[in-house]
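> Here it is, the structure, as structure tokens.
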Amino acid sequence: MAETTETTAPEVTLDEIVALCKRRGFIFPSSEIYGGIGSTYDYGHYGVLLRNNVKNEWWRAMIGERDDIVALDSAILQHPRVWEASGHLEGFTDPMVDCRTCGLRFRADKLEDAQCGRKPSKHPGEFSECDLTEAREFNLMFETHVGPVKDTGSITYLRPETAQGIFVNFKNVLQFARKKPPFGIAQIGKSFRNEITTGNFVFRTREFEQMEMEYFVPPDEAPKWHEYWMDERMRWYTELGIRPDKVTLRAHGAEELSHYSTATSDIEYLFPMGWSELEGIANRGDFDLTQHARMSGEKLEYFDQDKGEAYIPYVIEPAAGVDRAMLAFMVDAYDTEEVEGRKRTLLRLHPRLAPVKAAVLPLVSKDGMPERAREIYADVRAHVPAEYDAGGSIGKRYRRQDEIGTPWGITVDGETMEDGTVTLRDRDSLEQERVPAEGLGERLAAKLAKPWRTPKLG
Ligand code: GAP
């Protein structure tokens, strides 16, 4: 994680995001009734919908809007030699130290970010009683056993990145997809890392989901495609509502590069705890295909018919975290304002990311309004994801919908019963207009398809 350079107070604290997630059922601590298990989270209804929308937008950018990328869904469990070839067994480590006094374990290179076990807590090593061991390399992969016998022959690992599933399928995909470089293979899936330092809510957890795409290119074109994917990925975040001054690209220094990378730039977002990595875009060269070819004995190369020669493509990899992206979208969308003397909290999410696009609200539960509202709801939800919300006062329902980021509220009232119009309320401007209920679903679908700009940009 990069150092915090922001000195002004964040617009929203992580605690406020955590509270909203709990209050509105986006995210819960996992196994909460047993006291929780550190840095592991469960996603509730709106969290699932928001995450799915983030993933759908990624698929749209990778597959829906282009012809040069195909999809893959590889297994979490892979042959242990995959991790030998990829270098993860040897090199996917963090240096750690143990404190013989308090018994806690810390990242040796992040002691200034850690708190020791004493009260009042200080950084490890700052008390005279602290007794730190020498730094030792600690492998971050989760080890497990395949089959009933727990011996060294049955050891394998939960994948620490989805990328290797793509490299080991290179030949399969090349055969059926009939692509030639430049072309990509994309997948979304869970990854696992036994992180020593977790925290900042879902920013760094041990179980998380990645959206990774390996783009195979002729070696001499790698720098050009690296630049291209940095631009594309920055565009993805900003078109989905992240303000341009809250994201930046930062190139890794030589000492920071992963074992497979010749050049990496991180897209960083200004999270409440400071500028931190959102996505990494690496030039992996031919490291992975070469390694797997050597270990498996298979040829993992592309035969260029025009030149009459085979070569191992280089790989450009945009690798993003679903959970981190979701957190960034929520942080960027979070807002509060005072309306008629009352505080309003809302998520100004891009409508395509919003878990629910429209809420249909009968003003009162009588005079035929719920029945009419149900009819309108049936039309609207046939076109956009919608919710029927009849519980509590209208003000309370608007507040609930604002906090989950619903862009459009449709109120069914006495006038609806007379002239067939409803009130359409805009989440961001709070403007209310009378519109015909007839054909509303179709009109909202058209609104949803339009480009959107966050009102935070003025
Ligand atoms: N295949 C390359 C790779 O895995 P990475 O920078 O280690 O690169 C890519 O991970 C992205 O995955 C990160 O930018 C981040 O968004 C997400 N990620 C990595 N570790 C994570 C963790 N412990 N918790 C949540 N997200 C994580």
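Ordered as shown in the structure tokens, chains take letters A, B, and onward, while each chain numbers its residues from 1 and ligands are numbered from 1 in the order shown.
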Which parts of stretch 44-259 of chain A does DSSP call alpha helix (DSSP H) when run on the backbone here, written out as a VMD selection string?

chain A and resid 45 to 59 80 to 85 88 to 91 163 to 167 170 to 177 222 to 239

> Could you pull out the residues sitting within 6 Å of ligand 1, using only C-alpha atoms and all ligand atoms, and write them as a PyMOL selection string?

chain A and resi 161+163+203-206+208+210+277-280+319-321+324

> Mind pulling up the distance from atom CA of A:Gly44 to atom CA of A:His383?

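Between atom CA of A:His383 and atom CA of A:Gly44 the gap works out to 23.6 Å.
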
> Point out the residue among A:Gly297, A:Gly395, A:Ser74, A:Ala61 with the least atom-to-atom distance to A:Arg342, counting only C-alpha atoms.

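Of the candidates, the smallest distance to A:Arg342 is held by A:Gly395.
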
> A:Met62: which residues within 12 Å, counting only C-alpha atoms, same-chain residues fewer than 3 positions away excluded, as an NGL selection string?

:A and (55-59 or 65-72 or 183-188 or 211-215 or 229 or 232-233 or 236 or 318)
